[in-house]
$ cat query_30.pdb   # PDB, C-alpha atoms, pLDDT in the B column
ATOM      1  CA  GLU Q  12      39.282  82.960 -31.103  1.00 64.00           C
ATOM      2  CA  ALA Q  13      36.520  82.180 -33.572  1.00 80.00           C
ATOM      3  CA  GLY Q  14      33.294  80.870 -32.100  1.00 92.00           C
ATOM      4  CA  VAL Q  15      31.051  78.028 -33.154  1.00 95.00           C
ATOM      5  CA  ALA Q  16      29.801  78.600 -36.701  1.00 96.00           C
ATOM      6  CA  GLN Q  17      26.470  77.358 -38.008  1.00 96.00           C
ATOM      7  CA  SER Q  18      24.730  77.594 -41.339  1.00 96.00           C
ATOM      8  CA  PRO Q  19      22.247  78.359 -42.614  1.00 96.00           C
ATOM      9  CA  ARG Q  20      20.835  80.776 -40.028  1.00 95.00           C
ATOM     10  CA  TYR Q  21      17.268  80.355 -41.270  1.00 96.00           C
ATOM     11  CA  LYS Q  22      15.505  77.690 -43.286  1.00 97.00           C
ATOM     12  CA  ILE Q  23      11.916  77.323 -44.384  1.00 97.00           C
ATOM     13  CA  ILE Q  24      10.745  74.034 -45.878  1.00 97.00           C
ATOM     14  CA  GLU Q  25       7.529  72.157 -46.439  1.00 97.00           C
ATOM     15  CA  LYS Q  26       6.704  69.031 -44.508  1.00 95.00           C
ATOM     16  CA  ARG Q  27       8.124  65.819 -45.899  1.00 96.00           C
ATOM     17  CA  GLN Q  28      11.070  67.682 -47.426  1.00 97.00           C
ATOM     18  CA  SER Q  29      14.619  67.100 -46.231  1.00 97.00           C
ATOM     19  CA  VAL Q  30      17.000  69.620 -44.704  1.00 97.00           C
ATOM     20  CA  ALA Q  31      20.597  69.690 -43.486  1.00 97.00           C
ATOM     21  CA  PHE Q  32      22.398  71.907 -41.015  1.00 97.00           C
ATOM     22  CA  TRP Q  33      26.131  72.431 -40.747  1.00 97.00           C
ATOM     23  CA  CYS Q  34      28.292  73.181 -37.721  1.00 97.00           C
ATOM     24  CA  ASN Q  35      31.960  74.082 -37.397  1.00 96.00           C
ATOM     25  CA  PRO Q  36      33.092  73.898 -33.761  1.00 95.00           C
ATOM     26  CA  ILE Q  37      35.814  75.898 -32.095  1.00 95.00           C
ATOM     27  CA  SER Q  38      39.208  74.674 -33.244  1.00 93.00           C
ATOM     28  CA  GLY Q  39      40.585  71.927 -31.039  1.00 91.00           C
ATOM     29  CA  HIS Q  40      37.305  71.148 -29.289  1.00 92.00           C
ATOM     30  CA  ALA Q  41      36.879  67.410 -28.931  1.00 90.00           C
ATOM     31  CA  THR Q  42      33.202  67.317 -28.044  1.00 91.00           C
ATOM     32  CA  LEU Q  43      30.332  68.528 -30.224  1.00 93.00           C
ATOM     33  CA  TYR Q  44      26.645  68.717 -29.369  1.00 94.00           C
ATOM     34  CA  TRP Q  45      23.422  69.260 -31.283  1.00 96.00           C
ATOM     35  CA  TYR Q  46      20.461  70.658 -29.373  1.00 96.00           C
ATOM     36  CA  GLN Q  47      16.858  71.254 -30.409  1.00 97.00           C
ATOM     37  CA  GLN Q  48      15.156  74.293 -28.898  1.00 94.00           C
ATOM     38  CA  ILE Q  49      11.414  74.449 -29.470  1.00 95.00           C
ATOM     39  CA  LEU Q  50       9.768  77.834 -28.911  1.00 91.00           C
ATOM     40  CA  GLY Q  51       9.127  78.388 -25.219  1.00 87.00           C
ATOM     41  CA  GLN Q  52      11.339  75.519 -24.101  1.00 90.00           C
ATOM     42  CA  GLY Q  53      14.927  75.030 -23.082  1.00 92.00           C
ATOM     43  CA  PRO Q  54      17.417  73.323 -25.390  1.00 94.00           C
ATOM     44  CA  LYS Q  55      17.208  69.554 -25.516  1.00 94.00           C
ATOM     45  CA  LEU Q  56      20.245  67.464 -26.370  1.00 92.00           C
ATOM     46  CA  LEU Q  57      19.814  65.465 -29.566  1.00 95.00           C
ATOM     47  CA  ILE Q  58      23.268  63.991 -30.009  1.00 94.00           C
ATOM     48  CA  GLN Q  59      26.749  64.307 -28.545  1.00 92.00           C
ATOM     49  CA  PHE Q  60      29.974  63.455 -30.345  1.00 91.00           C
ATOM     50  CA  GLN Q  61      33.340  62.840 -28.777  1.00 88.00           C
ATOM     51  CA  ASN Q  62      35.833  63.366 -31.584  1.00 85.00           C
ATOM     52  CA  ASN Q  63      34.021  61.505 -34.376  1.00 82.00           C
ATOM     53  CA  GLY Q  64      32.246  58.928 -32.221  1.00 89.00           C
ATOM     54  CA  VAL Q  65      28.723  59.172 -30.796  1.00 91.00           C
ATOM     55  CA  VAL Q  66      28.503  59.104 -26.992  1.00 87.00           C
ATOM     56  CA  ASP Q  67      24.811  59.960 -26.540  1.00 88.00           C
ATOM     57  CA  ASP Q  68      22.017  59.899 -29.106  1.00 92.00           C
ATOM     58  CA  SER Q  69      19.265  58.699 -26.806  1.00 90.00           C
ATOM     59  CA  GLN Q  70      16.926  61.589 -27.683  1.00 91.00           C
ATOM     60  CA  LEU Q  71      17.574  61.649 -31.414  1.00 95.00           C
ATOM     61  CA  PRO Q  72      14.516  60.543 -33.444  1.00 94.00           C
ATOM     62  CA  LYS Q  73      16.510  58.112 -35.502  1.00 94.00           C
ATOM     63  CA  ASP Q  74      13.721  57.330 -37.944  1.00 95.00           C
ATOM     64  CA  ARG Q  75      14.082  60.814 -39.423  1.00 97.00           C
ATOM     65  CA  PHE Q  76      17.140  62.492 -37.906  1.00 97.00           C
ATOM     66  CA  SER Q  77      20.751  61.629 -38.638  1.00 97.00           C
ATOM     67  CA  ALA Q  78      24.044  63.277 -37.792  1.00 97.00           C
ATOM     68  CA  GLU Q  79      27.674  62.761 -38.537  1.00 95.00           C
ATOM     69  CA  ARG Q  80      30.951  64.343 -37.594  1.00 94.00           C
ATOM     70  CA  LEU Q  81      33.531  63.916 -40.282  1.00 82.00           C
ATOM     71  CA  LYS Q  82      37.160  63.611 -39.197  1.00 83.00           C
ATOM     72  CA  GLY Q  83      36.227  64.780 -35.716  1.00 81.00           C
ATOM     73  CA  VAL Q  84      35.714  68.383 -36.803  1.00 90.00           C
ATOM     74  CA  ASP Q  85      32.658  69.647 -38.738  1.00 95.00           C
ATOM     75  CA  SER Q  86      29.261  68.106 -38.258  1.00 96.00           C
ATOM     76  CA  THR Q  87      26.006  67.907 -40.186  1.00 97.00           C
ATOM     77  CA  LEU Q  88      22.529  67.237 -38.846  1.00 98.00           C
ATOM     78  CA  LYS Q  89      19.897  66.033 -41.314  1.00 98.00           C
ATOM     79  CA  ILE Q  90      16.148  65.673 -41.101  1.00 97.00           C
ATOM     80  CA  GLN Q  91      14.364  63.515 -43.659  1.00 96.00           C
ATOM     81  CA  PRO Q  92      11.423  63.762 -43.949  1.00 96.00           C
ATOM     82  CA  ALA Q  93      10.595  66.840 -41.894  1.00 96.00           C
ATOM     83  CA  LYS Q  94       7.428  67.123 -39.819  1.00 96.00           C
ATOM     84  CA  LEU Q  95       5.632  70.211 -38.565  1.00 97.00           C
ATOM     85  CA  GLU Q  96       6.809  69.503 -35.017  1.00 96.00           C
ATOM     86  CA  ASP Q  97      10.443  69.785 -36.135  1.00 97.00           C
ATOM     87  CA  SER Q  98      10.069  73.569 -36.308  1.00 97.00           C
ATOM     88  CA  ALA Q  99      12.650  74.777 -33.810  1.00 97.00           C
ATOM     89  CA  VAL Q 100      16.057  76.348 -33.422  1.00 95.00           C
ATOM     90  CA  TYR Q 101      18.877  73.848 -33.815  1.00 97.00           C
ATOM     91  CA  LEU Q 102      21.882  74.768 -31.729  1.00 96.00           C
ATOM     92  CA  CYS Q 103      25.370  73.410 -32.081  1.00 96.00           C
ATOM     93  CA  ALA Q 104      27.814  73.588 -29.190  1.00 94.00           C
ATOM     94  CA  SER Q 105      31.357  72.434 -28.577  1.00 93.00           C
ATOM     95  CA  SER Q 106      33.627  71.931 -25.599  1.00 91.00           C
ATOM     96  CA  LEU Q 107      37.322  71.409 -25.234  1.00 88.00           C
ATOM     97  CA  ALA Q 108      37.672  68.372 -23.022  1.00 75.00           C
ATOM     98  CA  VAL Q 109      36.884  64.789 -23.771  1.00 65.00           C
ATOM     99  CA  ARG Q 110      35.711  63.421 -20.453  1.00 59.00           C
ATOM    100  CA  THR Q 111      34.897  66.102 -17.950  1.00 63.00           C
ATOM    101  CA  SER Q 112      31.526  67.293 -16.778  1.00 63.00           C
ATOM    102  CA  THR Q 113      32.891  70.630 -15.691  1.00 71.00           C
ATOM    103  CA  ASP Q 114      33.880  71.895 -19.115  1.00 79.00           C
ATOM    104  CA  THR Q 115      32.118  74.869 -20.629  1.00 85.00           C
ATOM    105  CA  GLN Q 116      29.966  74.360 -23.705  1.00 89.00           C
ATOM    106  CA  TYR Q 117      30.180  77.151 -26.281  1.00 92.00           C
ATOM    107  CA  PHE Q 118      27.103  77.631 -28.413  1.00 93.00           C
ATOM    108  CA  GLY Q 119      26.685  78.768 -31.971  1.00 94.00           C
ATOM    109  CA  PRO Q 120      23.945  81.211 -33.053  1.00 93.00           C
ATOM    110  CA  GLY Q 121      21.634  78.407 -34.151  1.00 94.00           C
ATOM    111  CA  THR Q 122      19.589  77.599 -37.247  1.00 96.00           C
ATOM    112  CA  ARG Q 123      15.927  78.505 -37.105  1.00 95.00           C
ATOM    113  CA  LEU Q 124      13.886  75.895 -38.988  1.00 97.00           C
ATOM    114  CA  THR Q 125      10.291  76.501 -39.996  1.00 97.00           C
ATOM    115  CA  VAL Q 126       8.345  73.558 -41.409  1.00 97.00           C
ATOM    116  CA  LEU Q 127       5.148  74.531 -43.257  1.00 96.00           C
TER     117      LEU Q 127
ATOM    118  CA  ALA O   7      17.812  61.473 -14.308  1.00 76.00           C
ATOM    119  CA  GLN O   8      18.378  65.112 -13.587  1.00 82.00           C
ATOM    120  CA  SER O   9      15.790  67.863 -14.095  1.00 89.00           C
ATOM    121  CA  VAL O  10      15.509  71.633 -13.705  1.00 94.00           C
ATOM    122  CA  THR O  11      12.557  73.842 -12.824  1.00 95.00           C
ATOM    123  CA  GLN O  12      12.443  77.545 -13.493  1.00 97.00           C
ATOM    124  CA  PRO O  13       9.116  78.591 -11.974  1.00 96.00           C
ATOM    125  CA  ASP O  14       8.961  82.077 -13.468  1.00 95.00           C
ATOM    126  CA  ILE O  15       8.218  82.297 -17.197  1.00 95.00           C
ATOM    127  CA  HIS O  16       8.458  86.095 -17.303  1.00 95.00           C
ATOM    128  CA  ILE O  17       9.871  88.637 -14.899  1.00 96.00           C
ATOM    129  CA  THR O  18       9.770  92.420 -15.279  1.00 97.00           C
ATOM    130  CA  VAL O  19      12.257  94.525 -13.353  1.00 97.00           C
ATOM    131  CA  SER O  20      12.824  98.259 -13.370  1.00 97.00           C
ATOM    132  CA  GLU O  21      16.205  99.409 -14.559  1.00 96.00           C
ATOM    133  CA  GLY O  22      18.498  99.832 -11.554  1.00 96.00           C
ATOM    134  CA  ALA O  23      16.504  97.456  -9.371  1.00 97.00           C
ATOM    135  CA  SER O  24      17.826  94.153  -8.070  1.00 97.00           C
ATOM    136  CA  LEU O  25      17.081  90.826  -9.750  1.00 97.00           C
ATOM    137  CA  GLU O  26      16.674  87.257  -8.584  1.00 97.00           C
ATOM    138  CA  LEU O  27      15.827  84.413 -10.976  1.00 98.00           C
ATOM    139  CA  ARG O  28      14.856  81.126  -9.414  1.00 98.00           C
ATOM    140  CA  CYS O  29      16.142  77.680 -10.317  1.00 97.00           C
ATOM    141  CA  ASN O  30      15.430  74.365  -8.615  1.00 96.00           C
ATOM    142  CA  TYR O  31      17.102  71.156  -9.661  1.00 93.00           C
ATOM    143  CA  SER O  32      16.677  67.468  -9.096  1.00 90.00           C
ATOM    144  CA  TYR O  33      19.701  65.197  -9.168  1.00 83.00           C
ATOM    145  CA  GLY O  34      20.788  62.354  -6.955  1.00 74.00           C
ATOM    146  CA  ALA O  35      24.425  63.269  -6.605  1.00 77.00           C
ATOM    147  CA  THR O  36      26.365  66.512  -6.377  1.00 77.00           C
ATOM    148  CA  PRO O  37      25.144  68.561  -9.315  1.00 84.00           C
ATOM    149  CA  TYR O  38      27.038  70.655 -11.760  1.00 88.00           C
ATOM    150  CA  LEU O  39      24.996  73.823 -12.234  1.00 92.00           C
ATOM    151  CA  PHE O  40      25.063  76.475 -14.925  1.00 94.00           C
ATOM    152  CA  TRP O  41      23.322  79.692 -15.864  1.00 97.00           C
ATOM    153  CA  TYR O  42      23.198  80.708 -19.524  1.00 96.00           C
ATOM    154  CA  VAL O  43      21.788  83.836 -21.148  1.00 97.00           C
ATOM    155  CA  GLN O  44      20.260  83.963 -24.630  1.00 94.00           C
ATOM    156  CA  SER O  45      19.668  87.253 -26.418  1.00 90.00           C
ATOM    157  CA  PRO O  46      17.272  87.348 -29.377  1.00 83.00           C
ATOM    158  CA  GLY O  47      18.714  85.631 -32.435  1.00 77.00           C
ATOM    159  CA  GLN O  48      21.833  84.542 -30.611  1.00 80.00           C
ATOM    160  CA  GLY O  49      23.175  81.395 -29.092  1.00 85.00           C
ATOM    161  CA  LEU O  50      23.554  80.758 -25.400  1.00 92.00           C
ATOM    162  CA  GLN O  51      26.332  82.432 -23.433  1.00 93.00           C
ATOM    163  CA  LEU O  52      27.599  81.047 -20.138  1.00 93.00           C
ATOM    164  CA  LEU O  53      27.135  83.436 -17.208  1.00 96.00           C
ATOM    165  CA  LEU O  54      28.526  81.252 -14.450  1.00 95.00           C
ATOM    166  CA  LYS O  55      28.882  77.685 -13.251  1.00 92.00           C
ATOM    167  CA  TYR O  56      29.137  75.777  -9.984  1.00 91.00           C
ATOM    168  CA  PHE O  57      30.973  72.516  -9.464  1.00 85.00           C
ATOM    169  CA  SER O  58      32.201  72.524  -5.875  1.00 82.00           C
ATOM    170  CA  GLY O  59      33.660  74.722  -3.159  1.00 84.00           C
ATOM    171  CA  ASP O  60      32.319  78.161  -2.342  1.00 87.00           C
ATOM    172  CA  THR O  61      28.552  78.112  -2.756  1.00 90.00           C
ATOM    173  CA  LEU O  62      28.449  81.732  -3.922  1.00 95.00           C
ATOM    174  CA  VAL O  63      29.639  81.908  -7.498  1.00 95.00           C
ATOM    175  CA  GLN O  64      30.568  85.065  -9.363  1.00 96.00           C
ATOM    176  CA  GLY O  65      29.983  85.316 -13.076  1.00 96.00           C
ATOM    177  CA  ILE O  66      30.244  87.740 -15.939  1.00 95.00           C
ATOM    178  CA  LYS O  67      28.255  90.946 -16.347  1.00 94.00           C
ATOM    179  CA  GLY O  68      27.899  91.398 -12.594  1.00 96.00           C
ATOM    180  CA  PHE O  69      25.824  88.252 -12.019  1.00 97.00           C
ATOM    181  CA  GLU O  70      26.194  85.865  -9.106  1.00 97.00           C
ATOM    182  CA  ALA O  71      24.433  82.699  -8.014  1.00 98.00           C
ATOM    183  CA  GLU O  72      24.184  80.824  -4.745  1.00 96.00           C
ATOM    184  CA  PHE O  73      24.028  77.053  -4.463  1.00 94.00           C
ATOM    185  CA  LYS O  74      21.814  75.866  -1.602  1.00 94.00           C
ATOM    186  CA  ARG O  75      21.896  72.106  -1.280  1.00 91.00           C
ATOM    187  CA  SER O  76      19.178  72.006   1.397  1.00 91.00           C
ATOM    188  CA  GLN O  77      16.759  73.781  -0.947  1.00 93.00           C
ATOM    189  CA  SER O  78      18.007  72.198  -4.190  1.00 93.00           C
ATOM    190  CA  SER O  79      18.291  75.696  -5.568  1.00 95.00           C
ATOM    191  CA  PHE O  80      20.724  77.733  -7.620  1.00 96.00           C
ATOM    192  CA  ASN O  81      19.216  81.214  -7.884  1.00 98.00           C
ATOM    193  CA  LEU O  82      20.749  83.898 -10.055  1.00 98.00           C
ATOM    194  CA  ARG O  83      21.100  87.445  -8.740  1.00 98.00           C
ATOM    195  CA  LYS O  84      22.219  90.860  -9.845  1.00 97.00           C
ATOM    196  CA  PRO O  85      22.181  93.931  -7.586  1.00 97.00           C
ATOM    197  CA  SER O  86      21.342  96.468 -10.310  1.00 97.00           C
ATOM    198  CA  VAL O  87      19.785  95.556 -13.637  1.00 97.00           C
ATOM    199  CA  HIS O  88      20.661  97.340 -16.873  1.00 96.00           C
ATOM    200  CA  TRP O  89      18.417  97.573 -19.916  1.00 95.00           C
ATOM    201  CA  SER O  90      20.915  95.396 -21.822  1.00 94.00           C
ATOM    202  CA  ASP O  91      20.197  92.524 -19.422  1.00 96.00           C
ATOM    203  CA  ALA O  92      16.827  91.952 -21.090  1.00 96.00           C
ATOM    204  CA  ALA O  93      17.081  88.414 -22.458  1.00 96.00           C
ATOM    205  CA  GLU O  94      16.118  84.843 -21.688  1.00 96.00           C
ATOM    206  CA  TYR O  95      17.931  83.070 -18.892  1.00 97.00           C
ATOM    207  CA  PHE O  96      18.371  79.314 -18.669  1.00 97.00           C
ATOM    208  CA  CYS O  97      19.438  77.253 -15.706  1.00 96.00           C
ATOM    209  CA  ALA O  98      21.002  73.875 -16.475  1.00 94.00           C
ATOM    210  CA  VAL O  99      22.193  70.880 -14.507  1.00 91.00           C
ATOM    211  CA  GLY O 100      24.956  68.602 -15.664  1.00 85.00           C
ATOM    212  CA  ALA O 101      25.459  64.951 -14.915  1.00 71.00           C
ATOM    213  CA  THR O 102      28.738  63.256 -14.265  1.00 63.00           C
ATOM    214  CA  GLY O 103      30.482  61.381 -16.979  1.00 61.00           C
ATOM    215  CA  PHE O 104      29.787  62.676 -20.429  1.00 57.00           C
ATOM    216  CA  GLN O 105      28.662  66.137 -19.498  1.00 64.00           C
ATOM    217  CA  LYS O 106      25.041  65.913 -20.566  1.00 76.00           C
ATOM    218  CA  LEU O 107      23.238  69.164 -19.768  1.00 86.00           C
ATOM    219  CA  VAL O 108      19.533  69.337 -18.964  1.00 89.00           C
ATOM    220  CA  PHE O 109      18.050  72.804 -19.308  1.00 93.00           C
ATOM    221  CA  GLY O 110      15.094  74.444 -17.642  1.00 95.00           C
ATOM    222  CA  THR O 111      12.371  76.105 -19.682  1.00 95.00           C
ATOM    223  CA  GLY O 112      13.873  79.547 -19.208  1.00 96.00           C
ATOM    224  CA  THR O 113      12.841  82.864 -17.667  1.00 97.00           C
ATOM    225  CA  ARG O 114      12.353  85.866 -19.909  1.00 96.00           C
ATOM    226  CA  LEU O 115      13.583  89.061 -18.262  1.00 97.00           C
ATOM    227  CA  LEU O 116      12.015  92.348 -19.273  1.00 96.00           C
ATOM    228  CA  VAL O 117      13.577  95.592 -18.070  1.00 96.00           C
ATOM    229  CA  SER O 118      11.355  98.622 -17.751  1.00 94.00           C
ATOM    230  CA  PRO O 119      12.692 102.191 -17.838  1.00 90.00           C
TER     231      PRO O 119
END
$ encode --input "query_30.pdb" --output "C-alpha cells"
Amino acid sequence: EAGVAQSPRYKIIEKRQSVAFWCNPISGHATLYWYQQILGQGPKLLIQFQNNGVVDDSQLPKDRFSAERLKGVDSTLKIQPAKLEDSAVYLCASSLAVRTSTDTQYFGPGTRLTVL
Amino acid sequence: AQSVTQPDIHITVSEGASLELRCNYSYGATPYLFWYVQSPGQGLQLLLKYFSGDTLVQGIKGFEAEFKRSQSSFNLRKPSVHWSDAAEYFCAVGATGFQKLVFGTGTRLLVSP
C-alpha cells in the first residue's frame, strides 16, 4: 500500500513570496490533515478535511494560509505572503475513517520550508 | 482543551539498556493516547495507541506503554534499546469527535555504544 505522498520535499523562498505544498493521501482515506512542525516543537494541526469539507481550521492563519482538497482526494496548502516565522516542516496525514477518534493517522515525509 | 507534557527534551541511553520516556496529559474525559516516532527527514510513524481496556499497550519494535489514570501519564518503555531506536518520540492525546491530535514537544533519544 502506498503511503502519503508530499511534494516538494524542500523549499527555500524569500519572505513575502508565495509557496504551495501538495499532498496525496492514502487511497480511500476520507480524512486529511495538515500540520505545521516548527523546529523543537511537536506538530500543530493547521486544518482537517473530511472528504472535501473542512472540519477544523481553528489554528490556520487565514490571512496568509489557505488550503483546499479537490474532489476529496489530493490537497494543496498555500502560504501567501510568507513570513520568517513560517519556516517549518509541513506534514500531511490521512486516516481512513470519517468520524472516529480511534483511527490511526498516517503521515507523509513532510515538506521543509525555509523562509529567508 | 487537551494538552501533553513531555518533560525530557533529550535522553541518552546505552545500547542494550532499558528505556522509559515520560508523557503526562491533561484532558477532562477519557483520553485517546498515542506514541509516534520520527526519524530524521521522515514523517511520524505510530508506535502504539491506547483507547480503552488493558492499560498496558504493546506496540511495534518492542515498545510498550502503560496508561495510569491516577497519574495522568502514558509512559513509553522498551526493555533493551537498539542503536536504530535513536529518533524523536512524540506523545499525543486525541479528543473525541473529529480526532484532533495534540502533540507534546517531543523527546530526542540518543543511543550510545
$ closest_residue --input "query_30.pdb" --among "Q:Pro92, Q:Gly64, Q:Pro19, Q:Pro120" --to "chain O" --atoms "all atoms listed in the file"
Q:Pro120
$ interface_residues --input "query_30.pdb" --of "chain O" --to "chain Q" --cutoff "12 Å" --atoms "all atoms listed in the file" --output "JSON, numbers by chain"
{"O": [9, 10, 11, 12, 15, 16, 36, 37, 38, 39, 40, 41, 42, 43, 44, 45, 46, 47, 48, 49, 50, 51, 52, 53, 54, 55, 56, 57, 58, 94, 95, 96, 97, 98, 99, 100, 101, 102, 103, 104, 105, 106, 107, 108, 109, 110, 111, 112, 113, 114]}
$ write_last_selection --input "query_30.pdb" --atoms "C-alpha atoms" --output "tab-separated table (two decimals), in the coordinates of the input"
chain	number	residue	atom	x	y	z
O	9	SER	CA	15.79	67.86	-14.10
O	10	VAL	CA	15.51	71.63	-13.70
O	11	THR	CA	12.56	73.84	-12.82
O	12	GLN	CA	12.44	77.54	-13.49
O	15	ILE	CA	8.22	82.30	-17.20
O	16	HIS	CA	8.46	86.10	-17.30
O	36	THR	CA	26.36	66.51	-6.38
O	37	PRO	CA	25.14	68.56	-9.32
O	38	TYR	CA	27.04	70.66	-11.76
O	39	LEU	CA	25.00	73.82	-12.23
O	40	PHE	CA	25.06	76.47	-14.92
O	41	TRP	CA	23.32	79.69	-15.86
O	42	TYR	CA	23.20	80.71	-19.52
O	43	VAL	CA	21.79	83.84	-21.15
O	44	GLN	CA	20.26	83.96	-24.63
O	45	SER	CA	19.67	87.25	-26.42
O	46	PRO	CA	17.27	87.35	-29.38
O	47	GLY	CA	18.71	85.63	-32.44
O	48	GLN	CA	21.83	84.54	-30.61
O	49	GLY	CA	23.18	81.40	-29.09
O	50	LEU	CA	23.55	80.76	-25.40
O	51	GLN	CA	26.33	82.43	-23.43
O	52	LEU	CA	27.60	81.05	-20.14
O	53	LEU	CA	27.14	83.44	-17.21
O	54	LEU	CA	28.53	81.25	-14.45
O	55	LYS	CA	28.88	77.68	-13.25
O	56	TYR	CA	29.14	75.78	-9.98
O	57	PHE	CA	30.97	72.52	-9.46
O	58	SER	CA	32.20	72.52	-5.88
O	94	GLU	CA	16.12	84.84	-21.69
O	95	TYR	CA	17.93	83.07	-18.89
O	96	PHE	CA	18.37	79.31	-18.67
O	97	CYS	CA	19.44	77.25	-15.71
O	98	ALA	CA	21.00	73.88	-16.48
O	99	VAL	CA	22.19	70.88	-14.51
O	100	GLY	CA	24.96	68.60	-15.66
O	101	ALA	CA	25.46	64.95	-14.92
O	102	THR	CA	28.74	63.26	-14.26
O	103	GLY	CA	30.48	61.38	-16.98
O	104	PHE	CA	29.79	62.68	-20.43
O	105	GLN	CA	28.66	66.14	-19.50
O	106	LYS	CA	25.04	65.91	-20.57
O	107	LEU	CA	23.24	69.16	-19.77
O	108	VAL	CA	19.53	69.34	-18.96
O	109	PHE	CA	18.05	72.80	-19.31
O	110	GLY	CA	15.09	74.44	-17.64
O	111	THR	CA	12.37	76.10	-19.68
O	112	GLY	CA	13.87	79.55	-19.21
O	113	THR	CA	12.84	82.86	-17.67
O	114	ARG	CA	12.35	85.87	-19.91
$ atom_distance --input "query_30.pdb" --atom1 "CA of Gln17 (chain Q)" --atom2 "CA of Leu115 (chain O)"
26.3 Å
$ atom_distance --input "query_30.pdb" --atom1 "CA of Leu127 (chain Q)" --atom2 "CA of Gln91 (chain Q)"
14.4 Å
$ atom_distance --input "query_30.pdb" --atom1 "CA of Gln77 (chain O)" --atom2 "CA of Ile17 (chain O)"
21.5 Å
$ resolve_selection --input "query_30.pdb" --expression "the PyMOL selection byres ((chain O and resi 29) around 6)" --output "list of chain:residue names"
O:Thr11, O:Gln12, O:Arg28, O:Asn30, O:Ser79, O:Phe80, O:Asn81
$ axis_aligned_box --input "query_30.pdb" --around "region 49-58 of chain O" --padding-each-side "4 Å" --output "JSON"
{"center_x": 27.7, "center_y": 78.0, "center_z": -17.5, "size_x": 17.0, "size_y": 18.9, "size_z": 31.2}
$ residues_around --input "query_30.pdb" --residues "region 32-37 of chain Q" --least-positions-apart "6" --cutoff "6 Å" --atoms "all atoms listed in the file" --output "list in words"
Gly14, Val15, Ala16, Gln17, Ser18, Asp85, Ser86, Thr87, Leu88 and Ser105 of chain Q
$ write_last_selection --input "query_30.pdb" --atoms "C-alpha atoms" --output "short mmCIF file (atom, residue, chain, number, x, y, z; two decimals), in the frame of the given file"
data_model
loop_
_atom_site.label_atom_id
_atom_site.label_comp_id
_atom_site.auth_asym_id
_atom_site.auth_seq_id
_atom_site.Cartn_x
_atom_site.Cartn_y
_atom_site.Cartn_z
CA GLY Q 14 33.29 80.87 -32.10
CA VAL Q 15 31.05 78.03 -33.15
CA ALA Q 16 29.80 78.60 -36.70
CA GLN Q 17 26.47 77.36 -38.01
CA SER Q 18 24.73 77.59 -41.34
CA ASP Q 85 32.66 69.65 -38.74
CA SER Q 86 29.26 68.11 -38.26
CA THR Q 87 26.01 67.91 -40.19
CA LEU Q 88 22.53 67.24 -38.85
CA SER Q 105 31.36 72.43 -28.58
#
$ residues_around --input "query_30.pdb" --residues "His88 (chain O)" --least-positions-apart "4" --cutoff "9 Å" --atoms "all atoms listed in the file" --output "number ranges by chain"
O: 20-23, 92, 117
$ resolve_selection --input "query_30.pdb" --expression "the PyMOL selection byres ((chain Q and resi 71-75) around 6)" --output "MDAnalysis selection string"
chainID Q and resid 57 68:70 76 90:91
$ write_last_selection --input "query_30.pdb" --atoms "C-alpha atoms" --output "compact mmCIF listing (two decimals), keeping the file's coordinate frame"
# COMPACT_ATOMS: atom_id res chain seq x y z
CA LEU Q 57 19.81 65.46 -29.57
CA ASP Q 68 22.02 59.90 -29.11
CA SER Q 69 19.26 58.70 -26.81
CA GLN Q 70 16.93 61.59 -27.68
CA PHE Q 76 17.14 62.49 -37.91
CA ILE Q 90 16.15 65.67 -41.10
CA GLN Q 91 14.36 63.52 -43.66
$ residues_around --input "query_30.pdb" --residues "Lys26 (chain Q)" --least-positions-apart "4" --cutoff "12 Å" --atoms "all atoms listed in the file" --output "PyMOL selection string"
chain Q and resi 30+90-98+124-127
$ decode --input "query_30.pdb" --residues "region 57-64 of chain Q" --atoms "N, CA, C and O atoms" --output "PDB file, in the first residue's frame"
ATOM      1  N   LEU Q  57      -3.056  22.393  11.521  1.00  0.00           N
ATOM      2  CA  LEU Q  57      -3.487  23.614  10.848  1.00  0.00           C
ATOM      3  C   LEU Q  57      -4.920  23.482  10.340  1.00  0.00           C
ATOM      4  O   LEU Q  57      -5.742  24.374  10.527  1.00  0.00           O
ATOM      5  N   ILE Q  58      -5.198  22.379   9.668  1.00  0.00           N
ATOM      6  CA  ILE Q  58      -6.509  22.202   9.065  1.00  0.00           C
ATOM      7  C   ILE Q  58      -6.781  20.714   8.886  1.00  0.00           C
ATOM      8  O   ILE Q  58      -5.866  19.926   8.665  1.00  0.00           O
ATOM      9  N   GLN Q  59      -8.060  20.367   9.031  1.00  0.00           N
ATOM     10  CA  GLN Q  59      -8.504  18.986   8.874  1.00  0.00           C
ATOM     11  C   GLN Q  59      -9.669  18.951   7.910  1.00  0.00           C
ATOM     12  O   GLN Q  59     -10.643  19.697   8.061  1.00  0.00           O
ATOM     13  N   PHE Q  60      -9.549  18.091   6.897  1.00  0.00           N
ATOM     14  CA  PHE Q  60     -10.615  17.884   5.924  1.00  0.00           C
ATOM     15  C   PHE Q  60     -11.276  16.532   6.160  1.00  0.00           C
ATOM     16  O   PHE Q  60     -10.618  15.551   6.475  1.00  0.00           O
ATOM     17  N   GLN Q  61     -12.563  16.515   5.957  1.00  0.00           N
ATOM     18  CA  GLN Q  61     -13.316  15.263   5.937  1.00  0.00           C
ATOM     19  C   GLN Q  61     -13.936  15.193   4.551  1.00  0.00           C
ATOM     20  O   GLN Q  61     -14.808  15.987   4.229  1.00  0.00           O
ATOM     21  N   ASN Q  62     -13.425  14.245   3.747  1.00  0.00           N
ATOM     22  CA  ASN Q  62     -13.703  14.247   2.305  1.00  0.00           C
ATOM     23  C   ASN Q  62     -13.256  15.607   1.765  1.00  0.00           C
ATOM     24  O   ASN Q  62     -12.103  15.949   1.912  1.00  0.00           O
ATOM     25  N   ASN Q  63     -14.103  16.416   1.190  1.00  0.00           N
ATOM     26  CA  ASN Q  63     -13.603  17.697   0.684  1.00  0.00           C
ATOM     27  C   ASN Q  63     -14.113  18.885   1.488  1.00  0.00           C
ATOM     28  O   ASN Q  63     -13.993  20.026   1.061  1.00  0.00           O
ATOM     29  N   GLY Q  64     -14.659  18.604   2.689  1.00  0.00           N
ATOM     30  CA  GLY Q  64     -15.129  19.667   3.553  1.00  0.00           C
ATOM     31  C   GLY Q  64     -14.197  19.891   4.724  1.00  0.00           C
ATOM     32  O   GLY Q  64     -13.550  18.964   5.202  1.00  0.00           O
TER      33      GLY Q  64
END
